[in-house]
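Asker: Let me give you the structure first, and then I'll get to my questions.
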Amino acid sequence: MAAAGAVCSAGDDDDDEEEAAAEEEAGREPRRRDTPEDILLEAAANAIALHPARAVLAAGDVDGDVYLYSYSCVEGENRELWSSGHHLNSCRDVAFSLDGQRLFTVSKDKSIHILTVEEGRMETRFSKAHSSALNCVLPINDHVFATGDDGGSLKVWDLRKGATVLEARQHEEYISAMAVDSNGKLLLTASGDGTLGVFNIKRRRFELLSEPQNGDLTSVVLLKRGKKVACGSSEGTIYLFNWDGFGATSDRFALRAESIDCMVPITENIVCTGSLDGVIRAVNVLPNRVLGCVGQHTGEPIEQLAVAPGGQLLASCAHDQKVKFWDISSLASIVVDDYRKKKKKGGPLKALSSKAAGSGEDFFADLREEAEVAQEAAAGSDSDDSD
C-alpha cells in the first residue's frame with residue numbers, strides 16, 4: 001500500500017508540474033514578430049490588396065473565391081474574417097475603395113462585384129460588365145472606378161448612375177494595370193500590346209497611346225511626385241515616361257530578372273518588383289539602381305504586391321498559395337547618389353530584410369540549394385543553368 005501511495009504521489013507531482021507549465025505558458029506574453037506570419041490559402045491567389053487604414057488583407061484566388069483576413073505581428077493572431085464564392089471563374093483583381101468600406105472584385109467570368117468590407121455582403125453586381133474576361137480594377141474616387149479586360153477595353157463606371165461614363169478600346173491586347181493622378185483627372189493603362197494608354201476621366205475621352213515597347217507592359221506607377229511614370233515589362237525592363245511626354249520613353253532600365261510581373265511604389269523614388277523567378281527586388285529610379293532583395297517565394301512566380309498603410313510592410317502572393325509579409329521599413333532611409341561604384345557583373349543581390357534568403361551573404365545560394373534539392377527529387381528532369 002505504501003508503494004502504491006508513493007506511485008500516486010509521483011503521478012500527482014507530474015500532473016502538478018504539467019498544470020504549472022500550462023499556467024506559465026498561458027501567462028506568457030504572445031511572441032511579437034517583425035512581420036505577420038504567412039497566410040496559407042486553399043488555392044493560388046491572383047490578387048491581393050491591403051486596406052487603406054486597417055490591418056486587413058483581401059485575396060482573390062484562381063477558383064473565384066475572395067477572402068478577407070486580419071493580420072498581426074503578434075504570433076497566432078492572423079484571422080480569416082469572411083469568404084465569398086460568388087464568382088464563377090478565377091478572381092483576377094481585388095481593390096479596396098478609398099474609404100475602405102467596400103471591396104471591388106473582378107473576374108474571368110466578366111463580372112464586377114462590390115462587397116461590404118465589414119460583412120462580405122454583396123452590395124452591387126455587374127454580371128456581364130465586359131465582353132471579355134476582366135483583368136484589373138481601380139477605384140478613382142468615392143463614386144467612380146475603372147476596369148480593364150483581356151480584349152484591351154477600358155470602362156469607367158459611376159456608381160451614382162449605375163452605368164459607364166467612358167468606354168474605349170484603344171489597346172490591341174489585354175489591359176494589365178492602371179493608375180490615376182492625384183487629381184483623379186488622367187487615367188493611365190498598361191497593356192500587353194506594349195503601349196501606355198492615357199485617358200482623360202474629367203472630359204471622358206481618350207488622349208493618346210505611347211509608342212509600343214518591347215514585351216508586354218505589366219504594371220504602371222507614378223513616381224517623383226507625379227512627374228514620372230514607370231512601367232514594368234515582361235522582358236524585365238522598367239520604362240520611364242515624363243508626365244508631359246507620354247508618347248515616348250524618357251529612360252529605360254533593364255533589371256537582371258526574367259520579367260517584371262508586378263510593381264508597387266514604396267517611396268517617391270523606390271519601387272518593389274515581383275518576377276517569374278519568385279524574387280522581390282527593391283529598385284531606385286533615377287538614378288537607376290537595383291538596391292537588393294526584399295524577399296522571395298522560392299521558384300514560384302509572384303502575382304501581386306501590396307503596401308500596408310504607413311509603408312512599413314509589403315505583402316506578396318505567388319503560385320505557392322501563400323501570402324507573405326516583408327519588412328520594408330529600411331527602404332525609406334536609403335539614399336542613392338549619382339556616383340556608381342563598379343560592381344562585379346552577375347554578383348548576388350543584397351538582402352534588404354531578415355527574411356530575404358542568404359541574409360546578405362549570398363542571396364542566390366539558398367535559391368540554388370533549394371533548386372538542386374528539387375532537381376534531385378525529380379530524377380531525370382532536364383535543367384537549364386544558362387544565364
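Within each chain, counting starts at residue 1; across the C-alpha cells, chains are named A, B, ... in the order shown, with ligands numbered 1 upward in that order.
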Residues at most 10 Å from A:Glu167, counting only C-alpha atoms, excluding those fewer than 2 positions away in the same chain, as a PDB file with C-alpha atoms, in the first residue's frame?

Answerer:
```pdb
ATOM      1  CA  ALA A 146     -12.279  51.807 -63.815  1.00  0.00           C
ATOM      2  CA  THR A 147     -11.995  48.281 -65.200  1.00  0.00           C
ATOM      3  CA  SER A 153     -11.195  47.530 -73.452  1.00  0.00           C
ATOM      4  CA  LEU A 154     -11.390  50.144 -70.699  1.00  0.00           C
ATOM      5  CA  LYS A 155     -14.575  51.158 -68.917  1.00  0.00           C
ATOM      6  CA  VAL A 156     -15.027  53.911 -66.341  1.00  0.00           C
ATOM      7  CA  TRP A 157     -18.085  53.495 -64.102  1.00  0.00           C
ATOM      8  CA  THR A 164     -20.379  53.563 -67.511  1.00  0.00           C
ATOM      9  CA  VAL A 165     -19.367  57.150 -68.271  1.00  0.00           C
ATOM     10  CA  ARG A 169     -10.913  50.104 -76.856  1.00  0.00           C
ATOM     11  CA  GLN A 170      -7.585  51.599 -77.884  1.00  0.00           C
ATOM     12  CA  ARG A 204     -14.416  61.416 -70.705  1.00  0.00           C
ATOM     13  CA  ARG A 205     -12.186  60.885 -73.683  1.00  0.00           C
ATOM     14  CA  PHE A 206      -9.120  59.034 -74.969  1.00  0.00           C
TER      15      PHE A 206
END
```

Asker: Near stretch 268-285 of chain A, within 7 Å and counting only C-alpha atoms, which residues show up once chain neighbours fewer than 2 positions away are dropped, as a VMD selection string?

Answerer: chain A and resid 223 to 225 257 to 266 287 to 302

Asker: Those same residues - N, CA and C atoms - I'd like them written as a compact mmCIF listing (two decimals), in the first residue's frame.

Answerer:
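Result went into result22.txt, see below:
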```
# COMPACT_ATOMS: atom_id res chain seq x y z
N LEU A 223 5.71 58.17 -59.91
CA LEU A 223 6.84 58.44 -59.03
C LEU A 223 7.22 59.91 -59.11
N LYS A 224 8.19 60.30 -58.28
CA LYS A 224 8.73 61.66 -58.31
C LYS A 224 7.63 62.72 -58.22
N ARG A 225 6.70 62.49 -57.25
CA ARG A 225 5.57 63.40 -57.03
C ARG A 225 4.73 63.63 -58.29
N ALA A 257 16.41 40.28 -64.36
CA ALA A 257 15.25 39.48 -63.95
C ALA A 257 14.58 38.97 -65.22
N GLU A 258 13.96 37.80 -65.11
CA GLU A 258 13.25 37.24 -66.26
C GLU A 258 12.14 38.15 -66.72
N SER A 259 11.49 38.81 -65.76
CA SER A 259 10.32 39.62 -66.09
C SER A 259 10.05 40.56 -64.92
N ILE A 260 9.17 41.52 -65.17
CA ILE A 260 8.58 42.31 -64.08
C ILE A 260 7.09 42.10 -64.21
N ASP A 261 6.52 41.28 -63.35
CA ASP A 261 5.11 40.92 -63.45
C ASP A 261 4.21 41.84 -62.63
N CYS A 262 4.78 42.49 -61.63
CA CYS A 262 4.02 43.44 -60.81
C CYS A 262 4.99 44.43 -60.19
N MET A 263 4.48 45.60 -59.84
CA MET A 263 5.36 46.65 -59.31
C MET A 263 4.51 47.60 -58.46
N VAL A 264 5.04 47.99 -57.30
CA VAL A 264 4.35 48.95 -56.43
C VAL A 264 5.33 50.02 -55.98
N PRO A 265 4.87 51.27 -55.86
CA PRO A 265 5.75 52.33 -55.35
C PRO A 265 5.86 52.24 -53.83
N ILE A 266 7.08 52.42 -53.31
CA ILE A 266 7.31 52.41 -51.86
C ILE A 266 7.55 53.84 -51.38
N PRO A 287 18.61 58.15 -59.71
CA PRO A 287 19.43 57.22 -60.50
C PRO A 287 18.93 55.78 -60.40
N ASN A 288 19.10 55.05 -61.50
CA ASN A 288 18.54 53.70 -61.61
C ASN A 288 19.47 52.67 -60.98
N ARG A 289 19.01 52.04 -59.93
CA ARG A 289 19.80 51.02 -59.23
C ARG A 289 18.88 49.91 -58.72
N VAL A 290 19.34 48.67 -58.81
CA VAL A 290 18.70 47.59 -58.07
C VAL A 290 19.32 47.61 -56.68
N LEU A 291 18.52 47.90 -55.66
CA LEU A 291 19.04 48.05 -54.30
C LEU A 291 19.28 46.71 -53.63
N GLY A 292 18.47 45.72 -53.98
CA GLY A 292 18.64 44.41 -53.37
C GLY A 292 17.34 43.65 -53.34
N CYS A 293 17.33 42.60 -52.52
CA CYS A 293 16.18 41.70 -52.42
C CYS A 293 15.43 41.94 -51.11
N VAL A 294 14.12 42.12 -51.22
CA VAL A 294 13.28 42.29 -50.04
C VAL A 294 12.82 40.93 -49.52
N GLY A 295 12.57 40.00 -50.44
CA GLY A 295 12.09 38.67 -50.06
C GLY A 295 11.90 37.81 -51.28
N GLN A 296 11.31 36.63 -51.09
CA GLN A 296 11.17 35.69 -52.19
C GLN A 296 10.11 34.63 -51.90
N HIS A 297 9.47 34.17 -52.97
CA HIS A 297 8.70 32.92 -52.97
C HIS A 297 9.54 32.00 -53.84
N THR A 298 10.38 31.20 -53.24
CA THR A 298 11.43 30.49 -53.98
C THR A 298 10.88 29.67 -55.14
N GLY A 299 11.28 30.06 -56.35
CA GLY A 299 10.91 29.31 -57.55
C GLY A 299 9.46 29.45 -57.96
N GLU A 300 8.69 30.33 -57.31
CA GLU A 300 7.27 30.49 -57.61
C GLU A 300 6.99 31.89 -58.15
N PRO A 301 6.44 32.00 -59.35
CA PRO A 301 6.15 33.32 -59.92
C PRO A 301 5.28 34.17 -59.00
N ILE A 302 5.64 35.43 -58.86
CA ILE A 302 4.90 36.34 -57.99
C ILE A 302 3.79 37.00 -58.79
```

Asker: Check the DSSP output for the backbone and give back, as a count of residues only, the residues of stretch 200-309 of chain A in strand (DSSP E or B).

Answerer: 59

Asker: Write out as a list in words each polymer residue whose atoms come within 10 Å of A:Val106, counting only C-alpha atoms; drop sequence neighbours fewer than 4 positions from it.

Answerer: Gly60, Gly64, His87, Asn89, Ser90, Cys91, Arg92, Asp93, Val94, Ala95, Lys110, Ser111, Ile112, His113, Ile114, Phe126, Ala129, Ala133, Leu134, Asn135, Cys136, Val137, Thr147, Gly148 and Asp149 of chain A

Asker: Go ahead and write the selection's residues with N, CA, C and O atoms as a short mmCIF file (atom, residue, chain, number, x, y, z; two decimals), in the first residue's frame.

Answerer:
```cif
data_model
loop_
_atom_site.label_atom_id
_atom_site.label_comp_id
_atom_site.auth_asym_id
_atom_site.auth_seq_id
_atom_site.Cartn_x
_atom_site.Cartn_y
_atom_site.Cartn_z
N GLY A 60 -7.98 37.33 -53.81
CA GLY A 60 -8.85 36.67 -54.78
C GLY A 60 -8.09 35.54 -55.43
O GLY A 60 -6.94 35.73 -55.87
N GLY A 64 -12.00 31.58 -57.97
CA GLY A 64 -13.05 32.59 -57.94
C GLY A 64 -13.46 33.01 -56.55
O GLY A 64 -14.39 33.81 -56.38
N HIS A 87 -18.05 34.51 -57.54
CA HIS A 87 -17.52 34.47 -58.91
C HIS A 87 -17.54 33.04 -59.45
O HIS A 87 -17.22 32.09 -58.73
N ASN A 89 -15.69 32.04 -62.10
CA ASN A 89 -14.33 31.71 -62.56
C ASN A 89 -13.32 32.49 -61.75
O ASN A 89 -13.67 33.21 -60.83
N SER A 90 -12.07 32.36 -62.14
CA SER A 90 -10.95 32.96 -61.42
C SER A 90 -11.16 34.44 -61.12
O SER A 90 -11.58 35.22 -61.99
N CYS A 91 -10.90 34.83 -59.87
CA CYS A 91 -10.92 36.24 -59.48
C CYS A 91 -9.57 36.84 -59.88
O CYS A 91 -8.53 36.42 -59.38
N ARG A 92 -9.60 37.83 -60.75
CA ARG A 92 -8.36 38.37 -61.33
C ARG A 92 -7.78 39.55 -60.54
O ARG A 92 -6.58 39.79 -60.57
N ASP A 93 -8.65 40.34 -59.87
CA ASP A 93 -8.14 41.51 -59.16
C ASP A 93 -9.09 41.89 -58.03
O ASP A 93 -10.30 41.63 -58.11
N VAL A 94 -8.54 42.48 -56.98
CA VAL A 94 -9.32 42.99 -55.85
C VAL A 94 -8.77 44.36 -55.48
O VAL A 94 -7.58 44.61 -55.62
N ALA A 95 -9.65 45.25 -55.01
CA ALA A 95 -9.21 46.59 -54.61
C ALA A 95 -10.19 47.17 -53.61
O ALA A 95 -11.41 47.05 -53.78
N LYS A 110 -16.26 37.79 -66.32
CA LYS A 110 -16.69 39.08 -66.89
C LYS A 110 -17.52 39.92 -65.93
O LYS A 110 -18.12 40.91 -66.33
N SER A 111 -17.58 39.53 -64.67
CA SER A 111 -18.41 40.25 -63.71
C SER A 111 -17.59 41.14 -62.79
O SER A 111 -16.41 40.91 -62.55
N ILE A 112 -18.27 42.17 -62.27
CA ILE A 112 -17.73 43.05 -61.23
C ILE A 112 -18.61 42.87 -59.99
O ILE A 112 -19.84 42.95 -60.09
N HIS A 113 -17.99 42.61 -58.84
CA HIS A 113 -18.73 42.52 -57.59
C HIS A 113 -18.21 43.60 -56.64
O HIS A 113 -17.00 43.85 -56.57
N ILE A 114 -19.12 44.22 -55.91
CA ILE A 114 -18.75 45.18 -54.89
C ILE A 114 -19.32 44.68 -53.57
O ILE A 114 -20.55 44.54 -53.42
N PHE A 126 -22.33 43.71 -61.36
CA PHE A 126 -22.49 43.90 -62.80
C PHE A 126 -22.10 42.56 -63.44
O PHE A 126 -20.92 42.22 -63.52
N ALA A 129 -20.23 42.70 -67.30
CA ALA A 129 -19.71 44.08 -67.33
C ALA A 129 -18.91 44.37 -68.59
O ALA A 129 -18.92 45.49 -69.10
N ALA A 133 -13.02 38.67 -70.63
CA ALA A 133 -12.68 38.42 -69.23
C ALA A 133 -12.02 39.66 -68.63
O ALA A 133 -11.15 40.28 -69.25
N LEU A 134 -12.44 40.02 -67.42
CA LEU A 134 -11.87 41.20 -66.75
C LEU A 134 -10.52 40.87 -66.16
O LEU A 134 -10.26 39.74 -65.72
N ASN A 135 -9.66 41.89 -66.11
CA ASN A 135 -8.30 41.65 -65.64
C ASN A 135 -7.89 42.56 -64.49
O ASN A 135 -7.07 42.18 -63.67
N CYS A 136 -8.43 43.79 -64.42
CA CYS A 136 -8.00 44.72 -63.36
C CYS A 136 -9.10 45.72 -63.03
O CYS A 136 -9.98 45.99 -63.85
N VAL A 137 -9.02 46.25 -61.80
CA VAL A 137 -10.00 47.23 -61.34
C VAL A 137 -9.26 48.30 -60.54
O VAL A 137 -8.30 47.99 -59.82
N THR A 147 -12.29 49.70 -64.99
CA THR A 147 -12.00 48.28 -65.20
C THR A 147 -11.37 48.09 -66.57
O THR A 147 -11.69 48.79 -67.53
N GLY A 148 -10.47 47.10 -66.66
CA GLY A 148 -9.83 46.77 -67.93
C GLY A 148 -9.93 45.27 -68.18
O GLY A 148 -9.92 44.48 -67.24
N ASP A 149 -10.02 44.88 -69.48
CA ASP A 149 -10.23 43.47 -69.77
C ASP A 149 -9.17 42.87 -70.69
O ASP A 149 -8.23 43.55 -71.12
#
```

Asker: May I ask which of the residues A:Arg203, A:Arg102, A:Lys355, A:Lys108 is the closest one to A:Pro52, counting only C-alpha atoms?

Answerer: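 So, comparing all the options, the nearest one is A:Arg102.
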
Asker: Between A:Asp251, A:Glu211, A:Asp181, A:Asp320, which is the closest to A:Asp61 once you count only C-alpha atoms?

Answerer: A:Asp320

Asker: I'd like the interatomic distance between atom CA of A:Leu209 and atom CA of A:Ala47, to a tenth of an Å.

Answerer: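 According to the coordinates, atom CA of A:Leu209 and atom CA of A:Ala47 are separated by 26.5 Å.
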